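What's in entry-v2.cif: mmCIF, C-alpha atoms
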```
data_target
loop_
_atom_site.label_atom_id
_atom_site.label_comp_id
_atom_site.auth_asym_id
_atom_site.auth_seq_id
_atom_site.Cartn_x
_atom_site.Cartn_y
_atom_site.Cartn_z
CA MET A 1330 -36.88 38.31 -66.94
CA ILE A 1331 -35.16 41.34 -68.49
CA ARG A 1332 -36.27 40.21 -71.94
CA TRP A 1333 -39.91 40.05 -70.87
CA LEU A 1334 -39.61 43.49 -69.27
CA ARG A 1335 -38.40 44.83 -72.63
CA ILE A 1336 -41.29 43.13 -74.40
CA ALA A 1337 -43.74 44.66 -71.91
CA LEU A 1338 -42.28 48.14 -72.45
CA TYR A 1339 -42.34 47.76 -76.25
CA THR A 1340 -45.95 46.59 -76.03
CA ILE A 1341 -47.08 49.48 -73.84
CA PHE A 1342 -45.29 52.19 -75.80
CA GLY A 1343 -46.33 50.68 -79.14
CA PHE A 1344 -49.94 50.55 -77.98
CA CYS A 1345 -49.85 54.16 -76.78
CA GLY A 1346 -48.05 55.35 -79.92
CA GLN A 1347 -50.54 53.78 -82.33
CA THR A 1348 -53.56 55.00 -80.36
CA ALA A 1349 -52.20 58.55 -80.03
CA GLY A 1350 -51.09 58.66 -83.67
CA THR A 1351 -54.51 57.53 -84.90
CA LEU A 1352 -56.33 60.11 -82.80
CA LEU A 1353 -54.00 62.92 -83.85
CA ILE A 1354 -54.40 62.04 -87.53
CA ARG A 1355 -58.15 62.26 -87.10
CA LEU A 1356 -57.74 65.59 -85.28
CA TYR A 1357 -55.71 66.91 -88.20
CA TYR A 1358 -58.41 66.08 -90.74
CA GLU A 1359 -61.32 67.05 -88.49
CA LYS A 1360 -60.01 70.54 -87.75
CA GLY A 1361 -59.26 71.58 -91.31
CA GLY A 1362 -56.33 69.52 -92.62
CA ASN A 1363 -56.94 68.11 -96.09
CA SER A 1364 -53.56 67.02 -97.46
CA LYS A 1365 -53.24 63.26 -97.80
CA TRP A 1366 -49.50 63.64 -98.38
CA VAL A 1367 -49.01 65.57 -95.13
CA GLY A 1368 -51.07 62.93 -93.32
CA THR A 1369 -48.79 60.31 -94.87
CA LEU A 1370 -45.46 62.04 -94.23
CA VAL A 1371 -46.06 62.56 -90.51
CA GLN A 1372 -46.45 58.79 -90.10
CA VAL A 1373 -42.81 58.15 -91.04
CA VAL A 1374 -40.81 61.37 -90.77
CA GLY A 1375 -40.27 61.23 -87.01
CA PHE A 1376 -37.28 58.87 -87.16
CA PRO A 1377 -34.71 61.54 -86.04
CA ILE A 1378 -36.05 61.19 -82.47
CA LEU A 1379 -34.46 57.72 -82.42
CA LEU A 1380 -30.95 58.97 -83.21
CA PRO A 1381 -29.90 59.86 -79.63
CA TYR A 1382 -30.96 56.41 -78.42
CA TYR A 1383 -29.25 54.87 -81.42
CA PHE A 1384 -25.86 56.38 -80.60
CA ILE A 1385 -26.20 55.63 -76.88
CA SER A 1386 -27.22 51.99 -77.19
CA HIS A 1387 -25.62 50.78 -80.43
CA ARG A 1388 -23.08 48.69 -78.52
CA LYS A 1389 -25.62 46.84 -76.40
CA VAL A 1390 -26.42 43.21 -77.22
CA ILE A 1391 -29.82 41.66 -76.61
CA GLU A 1392 -31.21 38.22 -77.24
CA PRO A 1393 -34.47 37.94 -79.18
CA ASN A 1394 -35.60 34.41 -78.43
CA SER A 1395 -32.66 32.36 -77.22
CA THR A 1396 -30.24 32.38 -74.35
CA THR A 1397 -27.13 32.03 -76.45
CA ALA A 1398 -25.86 34.77 -78.70
CA VAL A 1399 -24.68 33.50 -82.05
CA LYS A 1400 -22.39 35.54 -84.22
CA THR A 1401 -22.99 35.19 -87.92
CA LYS A 1402 -21.55 36.87 -90.95
CA SER A 1403 -23.65 39.87 -91.93
CA SER A 1404 -24.93 40.30 -95.46
CA SER A 1405 -23.38 42.68 -97.96
CA LEU A 1406 -24.02 46.42 -97.74
CA LEU A 1407 -25.76 46.43 -101.13
CA LEU A 1408 -28.21 43.73 -100.04
CA ARG A 1409 -28.98 45.54 -96.80
CA VAL A 1410 -29.59 48.83 -98.64
CA CYS A 1411 -31.90 47.07 -101.11
CA VAL A 1412 -33.84 45.53 -98.20
CA TYR A 1413 -34.14 48.90 -96.44
CA VAL A 1414 -35.41 50.52 -99.65
CA TYR A 1415 -37.92 47.69 -100.16
CA LEU A 1416 -39.21 47.97 -96.59
CA GLY A 1417 -39.27 51.77 -96.85
CA LEU A 1418 -41.44 51.61 -99.98
CA LEU A 1419 -43.80 49.18 -98.22
CA VAL A 1420 -44.09 51.55 -95.25
CA ALA A 1421 -44.61 54.54 -97.56
CA GLY A 1422 -47.38 52.80 -99.49
CA ASN A 1423 -48.98 51.58 -96.29
CA ALA A 1424 -48.90 55.08 -94.76
CA TYR A 1425 -50.42 56.74 -97.86
CA LEU A 1426 -53.23 54.21 -98.15
CA TYR A 1427 -54.04 54.53 -94.45
CA SER A 1428 -54.01 58.32 -94.80
CA VAL A 1429 -56.74 58.05 -97.43
CA GLY A 1430 -58.68 55.76 -95.10
CA PHE A 1431 -58.35 58.14 -92.15
CA GLU A 1432 -59.64 61.02 -94.28
CA TYR A 1433 -62.71 59.29 -95.74
CA LEU A 1434 -63.66 56.72 -93.09
CA PRO A 1435 -64.54 56.86 -89.38
CA ILE A 1436 -62.06 55.39 -86.94
CA SER A 1437 -64.28 52.39 -86.19
CA THR A 1438 -64.40 51.48 -89.90
CA VAL A 1439 -60.64 51.75 -90.26
CA ALA A 1440 -60.29 49.53 -87.17
CA LEU A 1441 -62.73 47.02 -88.66
CA ILE A 1442 -60.89 46.74 -91.95
CA SER A 1443 -57.52 46.69 -90.20
CA ALA A 1444 -58.56 43.47 -88.49
CA SER A 1445 -57.88 41.73 -91.79
CA SER A 1446 -54.22 42.61 -91.28
CA LEU A 1447 -54.06 39.66 -88.88
CA VAL A 1448 -55.15 37.34 -91.67
CA PHE A 1449 -52.72 38.85 -94.17
CA ASN A 1450 -49.88 38.74 -91.67
CA ALA A 1451 -50.65 35.15 -90.69
CA PHE A 1452 -50.52 34.19 -94.37
CA PHE A 1453 -47.25 36.04 -95.06
CA SER A 1454 -45.69 34.80 -91.79
CA TYR A 1455 -46.54 31.23 -92.76
CA LEU A 1456 -45.21 31.78 -96.28
CA LEU A 1457 -42.00 33.65 -95.42
CA ASN A 1458 -41.17 32.60 -91.86
CA SER A 1459 -42.81 29.16 -91.42
CA GLN A 1460 -44.94 30.50 -88.56
CA LYS A 1461 -46.44 27.70 -86.45
CA PHE A 1462 -50.11 27.93 -85.48
CA THR A 1463 -51.20 26.44 -82.16
CA PRO A 1464 -54.80 26.29 -80.89
CA PHE A 1465 -54.16 29.31 -78.63
CA ILE A 1466 -52.77 31.38 -81.51
CA ILE A 1467 -55.67 30.43 -83.78
CA ASN A 1468 -58.10 31.29 -80.99
CA SER A 1469 -56.38 34.66 -80.56
CA LEU A 1470 -56.60 35.46 -84.28
CA VAL A 1471 -60.27 34.48 -84.49
CA ILE A 1472 -61.30 36.40 -81.36
CA LEU A 1473 -59.37 39.54 -82.35
CA THR A 1474 -60.93 39.45 -85.82
CA ILE A 1475 -64.44 39.03 -84.41
CA SER A 1476 -63.92 41.87 -81.95
CA SER A 1477 -63.09 44.25 -84.80
CA VAL A 1478 -65.85 42.93 -87.07
CA LEU A 1479 -68.38 43.88 -84.39
CA LEU A 1480 -67.47 47.52 -84.95
CA VAL A 1481 -69.26 47.47 -88.29
CA ALA A 1482 -72.49 48.02 -86.38
CA ASN A 1483 -71.35 51.59 -85.65
CA ASN A 1484 -70.54 52.65 -89.20
CA SER A 1485 -73.90 53.95 -90.39
CA SER A 1486 -73.95 57.05 -88.19
CA GLU A 1487 -70.22 57.80 -88.10
CA ARG A 1488 -69.38 58.65 -91.67
CA PRO A 1489 -67.15 61.76 -91.75
CA HIS A 1490 -68.84 64.98 -92.77
CA GLY A 1491 -68.59 65.63 -96.50
CA ALA A 1492 -67.52 62.09 -97.43
CA SER A 1493 -69.42 61.08 -100.58
CA ASN A 1494 -70.22 57.49 -101.48
CA GLY A 1495 -67.34 57.46 -103.97
CA LYS A 1496 -64.85 58.74 -101.40
CA TYR A 1497 -66.17 56.28 -98.83
CA VAL A 1498 -65.61 53.36 -101.22
CA LEU A 1499 -62.16 54.70 -102.11
CA GLY A 1500 -61.23 54.92 -98.43
CA PHE A 1501 -62.53 51.38 -97.90
CA ILE A 1502 -60.47 49.93 -100.77
CA CYS A 1503 -57.32 51.84 -99.81
CA THR A 1504 -57.56 50.64 -96.20
CA ILE A 1505 -57.88 47.01 -97.33
CA PHE A 1506 -54.71 47.33 -99.41
CA ALA A 1507 -53.02 49.13 -96.51
CA THR A 1508 -53.70 46.21 -94.17
CA ALA A 1509 -52.29 43.79 -96.73
CA MET A 1510 -49.13 45.86 -97.08
CA ASN A 1511 -48.83 46.13 -93.29
CA GLY A 1512 -49.00 42.34 -92.96
CA LEU A 1513 -46.39 41.89 -95.69
CA SER A 1514 -44.17 44.56 -94.12
CA LEU A 1515 -44.10 42.91 -90.69
CA ALA A 1516 -43.47 39.45 -92.13
CA SER A 1517 -40.69 40.90 -94.31
CA GLN A 1518 -39.09 42.52 -91.26
CA GLN A 1519 -38.96 39.17 -89.50
CA LEU A 1520 -37.41 37.56 -92.58
CA THR A 1521 -34.87 40.40 -92.75
CA PHE A 1522 -33.75 39.81 -89.17
CA ARG A 1523 -33.29 36.08 -89.83
CA LYS A 1524 -31.76 36.07 -93.30
CA VAL A 1525 -30.13 39.45 -93.90
CA LEU A 1526 -29.13 41.27 -90.72
CA LYS A 1527 -28.23 38.06 -88.83
CA SER A 1528 -27.41 39.78 -85.55
CA GLN A 1529 -28.75 39.92 -82.00
CA SER A 1530 -27.71 43.49 -81.17
CA ILE A 1531 -30.05 46.40 -80.51
CA LYS A 1532 -28.22 48.12 -83.38
CA VAL A 1533 -30.00 46.05 -86.03
CA VAL A 1534 -33.37 47.02 -84.54
CA MET A 1535 -32.44 50.69 -84.69
CA ASP A 1536 -31.00 50.30 -88.20
CA LEU A 1537 -34.17 48.75 -89.53
CA ALA A 1538 -36.51 51.24 -87.80
CA ILE A 1539 -34.47 54.28 -88.89
CA TYR A 1540 -33.50 53.32 -92.42
CA GLN A 1541 -36.91 52.06 -93.48
CA SER A 1542 -38.47 55.31 -92.20
CA PHE A 1543 -35.71 57.31 -93.92
CA PHE A 1544 -36.36 55.75 -97.34
CA ALA A 1545 -40.12 55.93 -96.77
CA SER A 1546 -39.77 59.67 -96.02
CA ILE A 1547 -37.82 60.19 -99.26
CA ALA A 1548 -40.45 58.36 -101.33
CA ILE A 1549 -43.33 60.26 -99.70
CA SER A 1550 -41.53 63.61 -100.03
CA ILE A 1551 -41.09 63.02 -103.76
CA GLY A 1552 -44.81 62.29 -104.09
CA PHE A 1553 -45.66 65.32 -101.95
CA LEU A 1554 -43.58 67.68 -104.10
CA ALA A 1555 -44.84 66.15 -107.34
CA SER A 1556 -48.48 66.47 -106.26
CA GLY A 1557 -48.19 70.22 -105.68
CA GLU A 1558 -50.05 69.99 -102.36
CA TRP A 1559 -47.18 71.81 -100.65
CA LYS A 1560 -48.34 75.03 -102.34
CA GLY A 1561 -51.50 75.05 -100.23
CA LEU A 1562 -49.88 74.41 -96.84
CA LYS A 1563 -49.90 78.08 -95.82
CA ILE A 1564 -53.60 78.40 -96.59
CA GLU A 1565 -54.30 75.13 -94.79
CA MET A 1566 -52.37 76.29 -91.72
CA GLU A 1567 -54.17 79.65 -91.63
CA GLY A 1568 -57.54 77.94 -91.94
CA TYR A 1569 -56.85 75.34 -89.25
CA ALA A 1570 -59.61 75.56 -86.65
CA LEU A 1571 -57.27 75.37 -83.64
CA GLY A 1572 -54.76 77.96 -84.90
CA ASN A 1573 -51.31 77.96 -86.46
CA THR A 1574 -49.43 76.81 -83.38
CA SER A 1575 -51.83 73.90 -82.81
CA TYR A 1576 -51.47 72.96 -86.48
CA VAL A 1577 -47.70 72.59 -86.12
CA MET A 1578 -47.94 70.84 -82.76
CA THR A 1579 -50.55 68.39 -84.05
CA LEU A 1580 -48.28 67.34 -86.90
CA LEU A 1581 -45.20 67.26 -84.66
CA TRP A 1582 -46.72 64.99 -82.02
CA THR A 1583 -48.34 62.84 -84.69
CA ALA A 1584 -44.87 62.20 -86.13
CA VAL A 1585 -43.48 61.40 -82.67
CA ALA A 1586 -46.36 59.03 -81.80
CA TRP A 1587 -46.14 57.09 -85.07
CA GLN A 1588 -42.36 56.77 -84.83
CA VAL A 1589 -42.66 55.33 -81.34
CA CYS A 1590 -45.21 52.88 -82.75
CA ILE A 1591 -42.94 51.93 -85.67
CA PHE A 1592 -39.89 51.37 -83.48
CA CYS A 1593 -41.80 49.29 -80.94
CA GLY A 1594 -43.36 47.26 -83.75
CA VAL A 1595 -39.93 46.50 -85.24
CA ALA A 1596 -38.59 45.63 -81.77
CA LEU A 1597 -41.46 43.21 -81.13
CA VAL A 1598 -40.84 41.52 -84.48
CA PHE A 1599 -37.19 41.15 -83.46
CA GLU A 1600 -37.97 39.86 -79.96
CA LEU A 1601 -40.83 37.51 -80.87
CA SER A 1602 -42.48 37.49 -84.30
CA ALA A 1603 -44.32 39.54 -86.89
CA LEU A 1604 -47.56 37.88 -85.82
CA PHE A 1605 -47.17 39.05 -82.23
CA ALA A 1606 -46.45 42.63 -83.37
CA ASN A 1607 -49.66 42.48 -85.41
CA VAL A 1608 -51.62 41.17 -82.44
CA ILE A 1609 -50.47 44.22 -80.46
CA GLY A 1610 -51.71 46.40 -83.31
CA ALA A 1611 -55.03 44.56 -83.26
CA LEU A 1612 -55.29 45.25 -79.53
CA THR A 1613 -55.67 48.97 -80.29
CA MET A 1614 -58.50 48.49 -82.81
CA PRO A 1615 -61.45 48.58 -80.39
CA ILE A 1616 -59.55 50.70 -77.84
CA THR A 1617 -59.00 53.56 -80.28
CA PRO A 1618 -62.74 54.20 -80.85
CA ILE A 1619 -63.19 54.20 -77.07
CA ALA A 1620 -60.38 56.74 -76.74
CA ALA A 1621 -62.17 58.76 -79.42
CA ILE A 1622 -65.24 58.78 -77.16
CA ILE A 1623 -63.19 60.55 -74.50
CA VAL A 1624 -61.29 62.91 -76.81
CA PHE A 1625 -63.87 63.63 -79.52
CA HIS A 1626 -67.05 62.79 -77.55
CA ASP A 1627 -68.08 60.02 -79.92
CA LYS A 1628 -71.07 57.90 -78.93
CA MET A 1629 -70.51 54.81 -76.77
CA ASN A 1630 -72.58 51.66 -77.06
CA GLY A 1631 -72.55 48.02 -76.04
CA ILE A 1632 -70.92 46.86 -79.28
CA LYS A 1633 -67.72 48.75 -78.53
CA GLY A 1634 -67.69 47.42 -74.96
CA ILE A 1635 -68.08 43.82 -76.12
CA SER A 1636 -65.40 44.39 -78.76
CA MET A 1637 -62.95 45.60 -76.11
CA VAL A 1638 -63.61 42.55 -73.89
CA LEU A 1639 -63.07 40.17 -76.82
CA THR A 1640 -59.85 41.94 -77.74
CA ILE A 1641 -58.45 41.53 -74.23
CA TRP A 1642 -59.48 37.85 -74.34
CA GLY A 1643 -57.70 37.29 -77.65
CA PHE A 1644 -54.61 39.13 -76.45
CA LEU A 1645 -54.39 37.06 -73.25
CA SER A 1646 -54.79 33.88 -75.30
CA TYR A 1647 -51.73 34.80 -77.35
CA ILE A 1648 -49.77 35.80 -74.23
CA TYR A 1649 -50.57 32.41 -72.66
CA GLN A 1650 -49.15 30.66 -75.72
CA LEU A 1651 -45.95 32.71 -75.34
CA TYR A 1652 -45.79 31.63 -71.70
CA LEU A 1653 -46.11 27.97 -72.73
CA ASP A 1654 -43.38 28.38 -75.36
CA ASP A 1655 -41.07 30.06 -72.88
CA ARG A 1656 -41.68 27.35 -70.26
CA GLU A 1657 -41.04 24.61 -72.83
CA LEU A 1658 -37.77 26.29 -73.85
CA LYS A 1659 -36.60 26.54 -70.24
CA ASN A 1660 -37.48 22.90 -69.57
CA ALA A 1661 -35.53 21.82 -72.65
CA GLU A 1662 -32.51 23.86 -71.58
CA THR A 1663 -32.68 22.46 -68.03
CA LYS A 1664 -32.86 18.91 -69.38
CA LYS A 1665 -29.90 19.56 -71.64
CA GLN A 1666 -27.84 20.96 -68.75
CA ILE A 1667 -28.64 17.87 -66.62
CA GLU A 1668 -27.56 15.55 -69.44
CA VAL A 1669 -24.32 17.49 -69.88
CA SER A 1670 -23.56 17.39 -66.14
CA LYS A 1671 -24.13 13.62 -66.03
CA ALA A 1672 -21.83 13.11 -68.98
#
```
Serialized structure, structure tokens:
Amino acid sequence: MIRWLRIALYTIFGFCGQTAGTLLIRLYYEKGGNSKWVGTLVQVVGFPILLPYYFISHRKVIEPNSTTAVKTKSSSLLLRVCVYVYLGLLVAGNAYLYSVGFEYLPISTVALISASSLVFNAFFSYLLNSQKFTPFIINSLVILTISSVLLVANNSSERPHGASNGKYVLGFICTIFATAMNGLSLASQQLTFRKVLKSQSIKVVMDLAIYQSFFASIAISIGFLASGEWKGLKIEMEGYALGNTSYVMTLLWTAVAWQVCIFCGVALVFELSALFANVIGALTMPITPIAAIIVFHDKMNGIKGISMVLTIWGFLSYIYQLYLDDRELKNAETKKQIEVSKA
């Protein structure tokens, strides 16, 4: 029961973090921000907010998907550092490519393309983690993909102001590669928990979330300094439509929102699987444009409403499969206990 409460909290906070982060990134670009590197850095640089929780809870032990904690020998420090660097570079590349997409594409288009992340993640999960596909999981993937594909009907009138055909195509291509890297990143995290970290403590979740963001921040900072975009930050801040204070607060809360999303995503991979974490991400795809209707007064139509209904359907289909798996596990444990008592 406690485990499912954790999963529910991770799901809710991850959902809210991704939705808020996406909207704030759009706000940054819409009100005068034009630095792709700043838009990238704020997606990963918020990891210090996790440090208080890290030091408070590093001794706690949780169980991801079994009722018996198993102690195993952890991998060498060098291997763990190499894995953190690898995951950090994946996150950095993913954040930069998405930043380009957010600048040149409308939210609905980014959501549409991001639907392919489910396909990429399913492929990498099968390849790296031997993910099993049941009819309910397949139904969930298909429905969630269809719900996002429907959003293509809204693209013609939502192209960002000033986005040329070339920039639009560039944003499209970058977002496709970003979804592929996101799918690989989640599958790699699941493999890391199984093969490298080999622990059931909350500490490994915090380690992975913090260190991958740390190395991603270093990589992005190097690119930011090398690009020379930092020289124009003062001008960008002074020209921000909402004022200097709002400029800083927009970037600050964007960093917080994305870090909450990253941590909850890592926690869901640890508790269940990379595929489930991606399904939660897919759940925000049609919801985010609807949130944009409220915040940015975008137009609402029937396509977005149908897309939201299909997304909820697909999500519930996946949840039902988790319920079946959990019930099967409990039945197996009960049967085993009866056999042991008889012996």
Kindly provide, as a VMD selection string, the polymer residues lying within 12 Å of (-43.4, 50.6, -76.7), counting all atoms listed in the file and using the coordinates exactly as they appear in the file. chain A and resid 1334 to 1348 1586 to 1597 1606 1609 to 1610
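Here the question is which of A:Phe1465, A:Tyr1382, A:Tyr1569, A:Phe1543 gets nearest to Val1410 in chain A using all atoms listed in the file, and that residue is A:Phe1543.
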Could you expand the PyMOL selection byres ((chain A and resi 1512-1524) around 6) into the explicit residues it covers here, written as a ChimeraX atom specification? /A:1446,1449-1450,1453-1454,1509-1511,1525-1527,1598,1603
Expanded to explicit residues, what is the PyMOL selection byres ((chain A and resi 1375) around 7) for this file, as a count of residues only? 9
Among the residues A:Lys1560, A:Lys1461, A:Lys1365, A:Lys1496, the one that comes closest to Tyr1425 in chain A [using only C-alpha atoms]: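 Closest candidate: A:Lys1365.
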Go through A:Lys1671, A:Ser1602, A:Asn1363, A:Ser1546 one by one, measure the shortest atom-to-atom distance of each to Leu1457 in chain A using only C-alpha atoms, and give the residue with the smallest value. A:Ser1602
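Minimum distance to Ile1641 in chain A across A:Leu1601, A:Val1412, A:Ile1472, A:Leu1353 (counting all atoms listed in the file) occurs at A:Ile1472.
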Tell me, in Å to one decimal, how far CA of Phe1605 in chain A is from CA of Gly1631 in chain A.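 We find that CA of Phe1605 in chain A and CA of Gly1631 in chain A lie 27.6 Å from each other.
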Which one is closest to Leu1380 in chain A: A:Tyr1540, A:Tyr1358, A:Tyr1455, A:Phe1501? Count only C-alpha atoms. A:Tyr1540
Write out as a PyMOL selection string the residues lying within 10 Å of Met1566 in chain A, counting only C-alpha atoms and excluding same-chain residues fewer than 4 positions away. chain A and resi 1361-1362+1561-1562+1570-1577
Distance query Tyr1415 in chain A at most 10 Å, only C-alpha atoms, self and fewer than 6 positions along chain excluded, as a ChimeraX atom specification: /A:1409,1421,1514,1517,1541,1544-1545
